[in-house]
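J.: Here it is, the structure in full.
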Amino acid sequence: MTVSIWQQAHRTQETAYDVIVVGGGIVGCSTAYWLGRRAPSLNVGLLEARTLGAGASGRNAGFVLQGTHADYRTDMERYGAQTARRLWQFTRENRDLLSAELRGTAFSWRADGGLVAAGTEKEDKRLRASLPCLRTAGAPAVHLDAEETNNRIGATGFHGSLFMTTGALVNPLQLVHHIASESEAKVHTQHPVHRVHWRDAGAVLETPDRHFRAPRVVFALGPALSELVPEASALVRPVRAQMLATAPAHGRHIPVPVYSHRGGFYVRQQGDRRVLVGGGRHSHREAEETSTDATTPAVQATIERYLHTHFPWSQSLAIEHRWSGTMGFSPDGRPVVGRVPEHPEGVFATGFTGHGMGYGFRMGRLLADMACGDDTPEAFDLFAAARFEDAPDKRSGTATY
Ligand SMILES: Cc1cc2nc3c(=O)[nH]c(=O)nc-3n(C[C@H](O)[C@H](O)[C@H](O)COP(=O)(O)OP(=O)(O)OC[C@H]3O[C@@H](n4cnc5c(N)ncnc54)[C@H](O)[C@@H]3O)c2cc1C
């Protein structure tokens, strides 16, 4: 396509901000929000390629859970007791900030707790073993045996569960819009950033419509981070997740979100009684390592089988909606935060590994602190990209984040 001289002049006009956030998901919108809270005089712009919440943030199940995607004992084994506890505390803070800072009715906030249910006897054993460690970490949890678990959620076949009193649910798309509307940022949707030109004082960001300039830039691009920060290509990979929604299940009640089979499946019921279920990826790992937005018969069949097995009454319900979304997975399951190599005025966060609603709002505050010059804000070390610098699987070699 050719470009006229008038279009060229319009395109290269630079719109200037003090800070630009790129990406209008939960993390980008939260960063914009906290920049406004931290430094109200800052002129903040938010650039989103499509619409707010067009990515995973507007497509997820809306579970606001604490800890990582794995159970607490696994986190302790993988990261050590102290890091597991601090990760739990960070996500607890995320939940408490959502409740304290924002107007819950704007995003259907429900804070009735959540159930981490065991799909096998072995998983239940593991959950039970997690309990004392969780309590030591200050996590309010109780164990329910198989009968209590199944009775509570009208299910069958679960072997036990942990009831976490701090689990919560949101409408994720409403949440993203609410956070953006409560921020002081000027939001530019339909502005995909195609190129970043680093200058002496910050960056110029090229979109098809015009150029934007700022001394500081926050990249909150989820799985697309490496398109604008190629040095980060080894830090995140795209992974697809699929969900479905049934017709309303009148007379049935799943009172709290259920996360089961080590996070392999998740179920919730809406106010209108529709049942939303997702997961099944663990049985189709290779096919789901993709950023293609599509559902597949194989994964959808796995999700349906799970639903019909554990909630047999759902067999008579029509499936009314199916969808997918792309998540960013990090190499070790923990989010990754850093500065762009050679350009410390660029900050990024990615790799929420299927759990970004559990971190996102609090993470926005951490990124806002970094964009305001705080080199190592509280909890930064939990997520620092530098932990991969010596890792053998890190392809980009010498970059320092
Ligand atoms: C089906 C599904 C279910 C899930 N369930 C849960 C759950 O219940 N609880 C939970 O905690 N997590 C869940 N997740 C994961 C969660 O949705 C993600 O971890 C979280 O949304 C990541 O947020 P983000 O802001 O980092 O990324 P994204 O939401 O991906 O946002 C990135 C944004 O950047 C924009 N962008 C990309 N490139 C450019 C560019 N060049 N220029 C401008 N903008 C650009 C994209 O359009 C997008 O809007 C689920 C995910 C899926 C897909």
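Quick note on naming: the chains in the structure tokens go A, B, ... in the order shown, residues restart at 1 in each chain, and ligands are numbered from 1 in order of appearance.
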So which residues touch segment 189-193 of chain A within 9 Å, counting only C-alpha atoms, skipping near sequence neighbours fewer than 4 positions away, as a PyMOL selection string?
T.: chain A and resi 22-24+46-52+205-211+228
J.: Can I get the selected residues back with all heavy atoms, as a compact mmCIF listing (two decimals), in the first residue's frame?
T.:
```
# COMPACT_ATOMS: atom_id res chain seq x y z
N VAL A 22 2.10 0.10 26.96
CA VAL A 22 1.68 -0.59 25.74
C VAL A 22 1.01 -1.90 26.15
O VAL A 22 1.65 -2.75 26.80
CB VAL A 22 2.86 -0.87 24.78
CG1 VAL A 22 2.33 -1.30 23.41
CG2 VAL A 22 3.75 0.34 24.64
N GLY A 23 -0.25 -2.06 25.77
CA GLY A 23 -0.99 -3.28 26.12
C GLY A 23 -2.13 -2.97 27.07
O GLY A 23 -1.90 -2.49 28.19
N GLY A 24 -3.35 -3.23 26.63
CA GLY A 24 -4.54 -2.90 27.43
C GLY A 24 -5.20 -4.12 28.03
O GLY A 24 -6.42 -4.30 27.96
N LEU A 46 -1.99 5.13 27.10
CA LEU A 46 -2.05 3.66 27.02
C LEU A 46 -2.38 3.29 25.57
O LEU A 46 -3.40 3.75 25.03
CB LEU A 46 -3.12 3.12 27.98
CG LEU A 46 -3.14 1.59 28.14
CD1 LEU A 46 -3.61 1.21 29.55
CD2 LEU A 46 -4.07 0.91 27.13
N LEU A 47 -1.53 2.49 24.95
CA LEU A 47 -1.73 2.08 23.55
C LEU A 47 -2.13 0.62 23.51
O LEU A 47 -1.41 -0.24 24.02
CB LEU A 47 -0.45 2.27 22.74
CG LEU A 47 0.20 3.65 22.78
CD1 LEU A 47 1.44 3.68 21.87
CD2 LEU A 47 -0.79 4.73 22.36
N GLU A 48 -3.28 0.33 22.92
CA GLU A 48 -3.75 -1.06 22.81
C GLU A 48 -4.01 -1.35 21.33
O GLU A 48 -4.65 -0.57 20.64
CB GLU A 48 -5.03 -1.24 23.65
CG GLU A 48 -5.89 -2.43 23.30
CD GLU A 48 -5.17 -3.79 23.33
OE1 GLU A 48 -4.43 -4.06 24.28
OE2 GLU A 48 -5.35 -4.57 22.36
N ALA A 49 -3.49 -2.50 20.87
CA ALA A 49 -3.59 -2.85 19.45
C ALA A 49 -5.03 -3.03 19.00
O ALA A 49 -5.41 -2.67 17.90
CB ALA A 49 -2.82 -4.14 19.20
N ARG A 50 -5.86 -3.62 19.88
CA ARG A 50 -7.24 -3.91 19.49
C ARG A 50 -8.18 -3.13 20.42
O ARG A 50 -8.23 -1.93 20.37
CB ARG A 50 -7.46 -5.43 19.55
CG ARG A 50 -6.53 -6.18 18.58
CD ARG A 50 -6.58 -7.68 18.77
NE ARG A 50 -5.83 -8.13 19.92
CZ ARG A 50 -5.86 -9.36 20.42
NH1 ARG A 50 -6.61 -10.27 19.87
NH2 ARG A 50 -5.13 -9.70 21.46
N THR A 51 -8.90 -3.83 21.28
CA THR A 51 -9.75 -3.18 22.26
C THR A 51 -9.26 -3.57 23.64
O THR A 51 -8.53 -4.56 23.78
CB THR A 51 -11.22 -3.65 22.11
OG1 THR A 51 -11.23 -5.09 22.16
CG2 THR A 51 -11.82 -3.19 20.79
N LEU A 52 -9.66 -2.85 24.67
CA LEU A 52 -9.23 -3.21 26.03
C LEU A 52 -9.72 -4.63 26.34
O LEU A 52 -10.88 -4.96 26.05
CB LEU A 52 -9.80 -2.23 27.05
CG LEU A 52 -9.29 -0.79 26.98
CD1 LEU A 52 -9.99 0.08 28.04
CD2 LEU A 52 -7.78 -0.72 27.15
N LEU A 205 7.31 5.32 19.55
CA LEU A 205 6.54 4.11 19.24
C LEU A 205 5.73 4.37 17.98
O LEU A 205 4.95 5.33 17.93
CB LEU A 205 5.61 3.76 20.40
CG LEU A 205 6.26 3.67 21.78
CD1 LEU A 205 5.22 3.43 22.87
CD2 LEU A 205 7.29 2.55 21.82
N GLU A 206 5.93 3.50 16.99
CA GLU A 206 5.26 3.69 15.71
C GLU A 206 3.97 2.88 15.66
O GLU A 206 3.99 1.66 15.85
CB GLU A 206 6.18 3.13 14.63
CG GLU A 206 6.65 4.14 13.63
CD GLU A 206 7.51 3.45 12.56
OE1 GLU A 206 6.96 2.77 11.68
OE2 GLU A 206 8.72 3.59 12.67
N THR A 207 2.85 3.54 15.39
CA THR A 207 1.61 2.82 15.11
C THR A 207 1.19 3.20 13.69
O THR A 207 1.70 4.20 13.15
CB THR A 207 0.48 3.19 16.09
OG1 THR A 207 -0.04 4.48 15.74
CG2 THR A 207 0.94 3.20 17.54
N PRO A 208 0.28 2.47 13.05
CA PRO A 208 -0.09 2.82 11.68
C PRO A 208 -0.68 4.23 11.59
O PRO A 208 -0.56 4.90 10.57
CB PRO A 208 -1.16 1.78 11.33
CG PRO A 208 -0.93 0.66 12.26
CD PRO A 208 -0.37 1.25 13.51
N ASP A 209 -1.29 4.69 12.67
CA ASP A 209 -1.94 6.00 12.62
C ASP A 209 -0.99 7.15 12.92
O ASP A 209 -1.00 8.17 12.25
CB ASP A 209 -3.11 6.02 13.62
CG ASP A 209 -3.88 7.32 13.54
OD1 ASP A 209 -4.35 7.63 12.44
OD2 ASP A 209 -3.99 8.01 14.57
N ARG A 210 -0.19 7.00 13.95
CA ARG A 210 0.78 8.06 14.29
C ARG A 210 1.86 7.56 15.23
O ARG A 210 1.80 6.42 15.68
CB ARG A 210 0.07 9.27 14.88
CG ARG A 210 -0.64 9.03 16.17
CD ARG A 210 -1.49 10.25 16.46
NE ARG A 210 -2.76 9.84 16.98
CZ ARG A 210 -3.30 10.35 18.08
NH1 ARG A 210 -2.69 11.31 18.73
NH2 ARG A 210 -4.45 9.91 18.53
N HIS A 211 2.78 8.46 15.51
CA HIS A 211 3.90 8.10 16.39
C HIS A 211 3.66 8.67 17.79
O HIS A 211 3.05 9.73 17.93
CB HIS A 211 5.21 8.66 15.84
CG HIS A 211 5.63 8.00 14.56
ND1 HIS A 211 6.83 8.26 13.94
CD2 HIS A 211 5.01 7.08 13.78
CE1 HIS A 211 6.93 7.54 12.84
NE2 HIS A 211 5.83 6.83 12.72
N LEU A 228 8.01 -6.70 20.41
CA LEU A 228 8.57 -5.35 20.58
C LEU A 228 9.86 -5.36 21.41
O LEU A 228 10.62 -4.39 21.37
CB LEU A 228 7.53 -4.43 21.23
CG LEU A 228 6.25 -4.21 20.42
CD1 LEU A 228 5.35 -3.19 21.10
CD2 LEU A 228 6.56 -3.75 19.00
```
J.: To test your reading of the structure, identify every residue in segment 108-288 of chain A that backbone DSSP assigns to strand (DSSP E), and report it as a ChimeraX atom specification.
T.: /A:114-117,141-145,160-164,168-169,186-188,195-199,202-206,211-214,216-219,237-246,258-260,265-269,275-279
J.: One decimal, Å: what's the distance from atom CA of Arg85 of chain A over to atom CA of Thr136 of chain A, could you say?
T.: 8.8 Å
J.: Pull the helix (DSSP H, G or I) assignments for segment 50-195 of chain A out of DSSP run on the backbone, and list those residues as a PyMOL selection string.
T.: chain A and resi 56-58+72-79+81-101+104-107+121-136+146-153+172-182
J.: Nearest residue to ligand 1 out of A:Arg152, A:Arg199, A:Arg11, A:Arg334, using only C-alpha atoms and all ligand atoms?
T.: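 Between A:Arg152, A:Arg199, A:Arg11, A:Arg334, the residue approaching ligand 1 most closely is A:Arg334.
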J.: Can you tell me, as a PyMOL selection string, what residues are no more than 10 Å from Gly364 of chain A when counting only C-alpha atoms, ignoring any on the same chain fewer than 4 positions away?
T.: chain A and resi 26-35+94+218+220+349+359-360+368-370
J.: Would you compute the distance between atom CA of Ala39 of chain A and atom 26 (O, counted along the ligand's line) of ligand 1? Give it in Å to one decimal.
T.: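 Separation of atom CA of Ala39 of chain A and atom 26 (O, counted along the ligand's line) of ligand 1: 22.6 Å.
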J.: Under the rule that only C-alpha atoms are counted, which of A:Pro248, A:Glu378, A:Val3, A:Val44 is the nearest residue to Arg213 of chain A?
T.: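 Of all the options, A:Val44 lies closest to Arg213 of chain A.
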J.: Name the residues in contact with His159 of chain A at a cut-off of 9 Å, using only C-alpha atoms, excluding same-chain residues fewer than 5 positions from it; report them as a list in words.
T.: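 Using only C-alpha atoms, the neighbours found are Ala117, Ala118, Gly119, Thr120, Glu121, Lys122, Glu123, Asp124, Asp145, Ala146, Glu147, Thr149 and Asn150 of chain A.
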J.: Find the spatial neighbours of segment 106-111 of chain A, counting only C-alpha atoms, within a cut-off of 12 Å - ignore same-chain residues fewer than 5 positions away - and output them as a VMD selection string.
T.: chain A and resid 58 62 to 65 95 to 96 98 to 100 164 to 179 181 to 182 255 to 257 268 to 271
